[in-house]
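For reference, the structure discussed in these notes is given below.
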Number of protein chains: 2
Amino acid sequence: MVAHMNEEALSRTIESGEAWYFSRSRNALWRKGETSGQTQRVVEMRVDCDQDAVWIRVEQVGAACHTGRKSCFYRKVETGGGGPRLVSVDATRLFDPKAVYRK
Amino acid sequence: MVAHMNEEALSRTIESGEAWYFSRSRNALWRKGETSGQTQRVVEMRVDCDQDAVWIRVEQVGAACHTGRKSCFYRKVETGGGGPRLVSVDATRLFDPKAVYRK
């Protein structure tokens, strides 16, 4: 998955060992899984060369994607014959979003 | 590595099978490796759930990072004892940036 962090999200992630992000659309800090229960325990955290990107390897409870898939990247771009199109790969739902986000 | 694409960069990447990006600071399209020679051949391309992020697996000529490292994520955040600090991992330089970017 890809999400944004602000300074507070980064600090909380480092201090707690659980992934926190910042929602730009809701203008709010959020702890991954606070609604869905699909939390992330940080196993390893890296920063990139110019230190504006953070990569974290996590132990994921359930699934990372809000659609119920393990990963948000469950579709690939197929380019052979007839123009590019999306094909599902690894798209099994591990939870039902309607059940998990109803509260 | 993390970089941005605009519509044109995405189209060119799909059509050519080589990674193209868009530099927001230079406001210019760029083909990865056009200066450094460190090109990327696309092996697999995926999109995320809300289709605003692209993940590509590449066959990398040389190294992806402008510092000469294979990956831009060559430092990890260590949190045990004495506050968080960066520690190099997998930080061997595969090329000399001064030589590669001098042109």
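We name chains A, B, ... following the order of the structure tokens; residues begin at 1 in each chain, and ligands are numbered from 1 as shown.
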
request  = Show which residues sit within 10 Å of Val42 in chain A, as a PyMOL selection string. Count only C-alpha atoms, and ignore same-chain residues fewer than 5 positions away.
outcome  = chain A and resi 13-14+16-19+56-60

key: Distance-based interface of chain A with chain B, 7 Å, counting only C-alpha atoms, as a VMD selection string   = chain A and resid 45 to 49 72 to 77

Just to be explicit: take each residue in the selection above, keep all heavy atoms, and write the result as a CSV table (one decimal), in the first residue's frame.
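Final output, saved to out06.csv:
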```csv
chain,number,residue,atom,x,y,z
A,45,MET,N,12.0,-0.4,8.9
A,45,MET,CA,11.7,0.9,8.3
A,45,MET,C,12.9,1.5,7.7
A,45,MET,O,14.0,1.5,8.3
A,45,MET,CB,11.2,1.9,9.4
A,45,MET,CG,11.0,3.3,9.0
A,45,MET,SD,10.5,4.4,10.3
A,45,MET,CE,8.8,3.9,10.5
A,46,ARG,N,12.8,1.9,6.4
A,46,ARG,CA,13.9,2.5,5.7
A,46,ARG,C,13.5,3.9,5.2
A,46,ARG,O,12.3,4.2,5.0
A,46,ARG,CB,14.3,1.6,4.5
A,46,ARG,CG,14.9,0.3,5.0
A,46,ARG,CD,15.7,-0.4,3.9
A,46,ARG,NE,16.1,-1.7,4.3
A,46,ARG,CZ,17.0,-2.4,3.6
A,46,ARG,NH1,17.5,-1.9,2.5
A,46,ARG,NH2,17.4,-3.6,4.0
A,47,VAL,N,14.5,4.7,4.9
A,47,VAL,CA,14.3,6.0,4.2
A,47,VAL,C,15.0,6.0,2.9
A,47,VAL,O,16.0,5.3,2.8
A,47,VAL,CB,14.7,7.2,5.1
A,47,VAL,CG1,13.9,7.3,6.4
A,47,VAL,CG2,16.2,7.0,5.5
A,48,ASP,N,14.5,6.8,2.0
A,48,ASP,CA,15.2,6.9,0.7
A,48,ASP,C,16.3,7.9,0.7
A,48,ASP,O,16.5,8.7,1.7
A,48,ASP,CB,14.2,7.0,-0.5
A,48,ASP,CG,13.7,8.4,-0.6
A,48,ASP,OD1,13.8,9.2,0.3
A,48,ASP,OD2,13.2,8.8,-1.7
A,49,CYS,N,17.0,8.0,-0.4
A,49,CYS,CA,18.2,8.9,-0.5
A,49,CYS,C,18.0,10.3,-0.1
A,49,CYS,O,18.8,10.9,0.6
A,49,CYS,CB,18.8,8.8,-1.9
A,49,CYS,SG,17.6,9.0,-3.3
A,72,CYS,N,-2.7,-3.6,-2.0
A,72,CYS,CA,-3.5,-2.7,-2.9
A,72,CYS,C,-3.1,-3.0,-4.4
A,72,CYS,O,-3.9,-2.6,-5.3
A,72,CYS,CB,-3.2,-1.3,-2.5
A,72,CYS,SG,-3.7,-0.8,-0.9
A,73,PHE,N,-2.0,-3.6,-4.6
A,73,PHE,CA,-1.5,-3.8,-5.9
A,73,PHE,C,-1.9,-5.2,-6.4
A,73,PHE,O,-1.0,-6.0,-6.7
A,73,PHE,CB,0.0,-3.6,-6.0
A,73,PHE,CG,0.4,-2.1,-5.7
A,73,PHE,CD1,0.6,-1.7,-4.4
A,73,PHE,CD2,0.6,-1.2,-6.7
A,73,PHE,CE1,1.0,-0.4,-4.1
A,73,PHE,CE2,0.9,0.1,-6.4
A,73,PHE,CZ,1.1,0.5,-5.1
A,74,TYR,N,-3.2,-5.4,-6.6
A,74,TYR,CA,-3.7,-6.7,-6.9
A,74,TYR,C,-4.0,-6.8,-8.4
A,74,TYR,O,-4.6,-7.8,-8.8
A,74,TYR,CB,-4.9,-7.1,-6.0
A,74,TYR,CG,-6.0,-6.1,-6.1
A,74,TYR,CD1,-7.0,-6.2,-7.1
A,74,TYR,CD2,-6.1,-5.0,-5.2
A,74,TYR,CE1,-8.1,-5.3,-7.2
A,74,TYR,CE2,-7.1,-4.1,-5.3
A,74,TYR,CZ,-8.1,-4.2,-6.3
A,74,TYR,OH,-9.1,-3.3,-6.4
A,75,ARG,N,-3.7,-5.8,-9.2
A,75,ARG,CA,-4.0,-5.8,-10.6
A,75,ARG,C,-2.7,-5.4,-11.4
A,75,ARG,O,-2.0,-4.5,-11.0
A,75,ARG,CB,-5.1,-4.8,-11.0
A,75,ARG,CG,-6.4,-5.3,-10.6
A,75,ARG,CD,-7.4,-4.2,-10.7
A,75,ARG,NE,-7.1,-3.0,-9.9
A,75,ARG,CZ,-7.8,-1.9,-9.7
A,75,ARG,NH1,-8.9,-1.8,-10.3
A,75,ARG,NH2,-7.4,-1.0,-8.9
A,76,LYS,N,-2.4,-6.1,-12.5
A,76,LYS,CA,-1.3,-5.8,-13.3
A,76,LYS,C,-1.7,-5.3,-14.6
A,76,LYS,O,-2.8,-5.6,-15.1
A,76,LYS,CB,-0.3,-6.9,-13.4
A,76,LYS,CG,-0.7,-8.1,-14.2
A,76,LYS,CD,0.5,-9.1,-14.3
A,76,LYS,CE,0.0,-10.4,-15.0
A,76,LYS,NZ,1.1,-11.3,-15.1
A,77,VAL,N,-0.8,-4.5,-15.2
A,77,VAL,CA,-1.1,-4.0,-16.6
A,77,VAL,C,-0.5,-5.0,-17.6
A,77,VAL,O,0.7,-5.3,-17.6
A,77,VAL,CB,-0.3,-2.6,-16.8
A,77,VAL,CG1,-0.6,-2.1,-18.2
A,77,VAL,CG2,-0.7,-1.7,-15.7
```

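Near Glu8 in chain A, within a cut-off of 10 Å and counting only C-alpha atoms, sit the residues Ile14, Trp20, Tyr21, Phe22 and Leu29 of chain A, with same-chain residues fewer than 6 positions away left out.
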
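Proximity to Gln38 in chain B at 6 Å, evaluated using only C-alpha atoms and with sequence-adjacent residues fewer than 3 positions away removed, yields Gly33, Val61 and Gly62 of chain B.
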
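Here CA of Met5 in chain A is placed at a distance of 15.8 Å from CA of Arg41 in chain A.
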
key: DSSP strand (DSSP E) selection over range 4-101 of chain B, as number ranges by chain   = B: 20-23, 28-31, 40-47, 54-60, 75-78, 85-88

task = Could you give me, as a ChimeraX atom specification, the residues within 8 Å of Asp96 in chain B, counting only C-alpha atoms and dropping anything in the same chain fewer than 3 positions from it?
result = /B:67-68,93,99-100

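Put simply, CA of Ser25 in chain A is 13.2 Å away from CA of Asn6 in chain A.
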
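Taking only C-alpha atoms into account, Gly37 in chain B lies nearest to B:Pro97 out of the set B:Pro97, B:Ser23, B:Arg85, B:His4.
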
remark   = CA of Lys98 in chain A sits from CA of Arg24 in chain A at a separation of 23.3 Å

ask   = range 2-100 of chain B: which residues are helix (DSSP H, G or I) by DSSP, as a PyMOL selection string?
value = chain B and resi 7-16+97-100
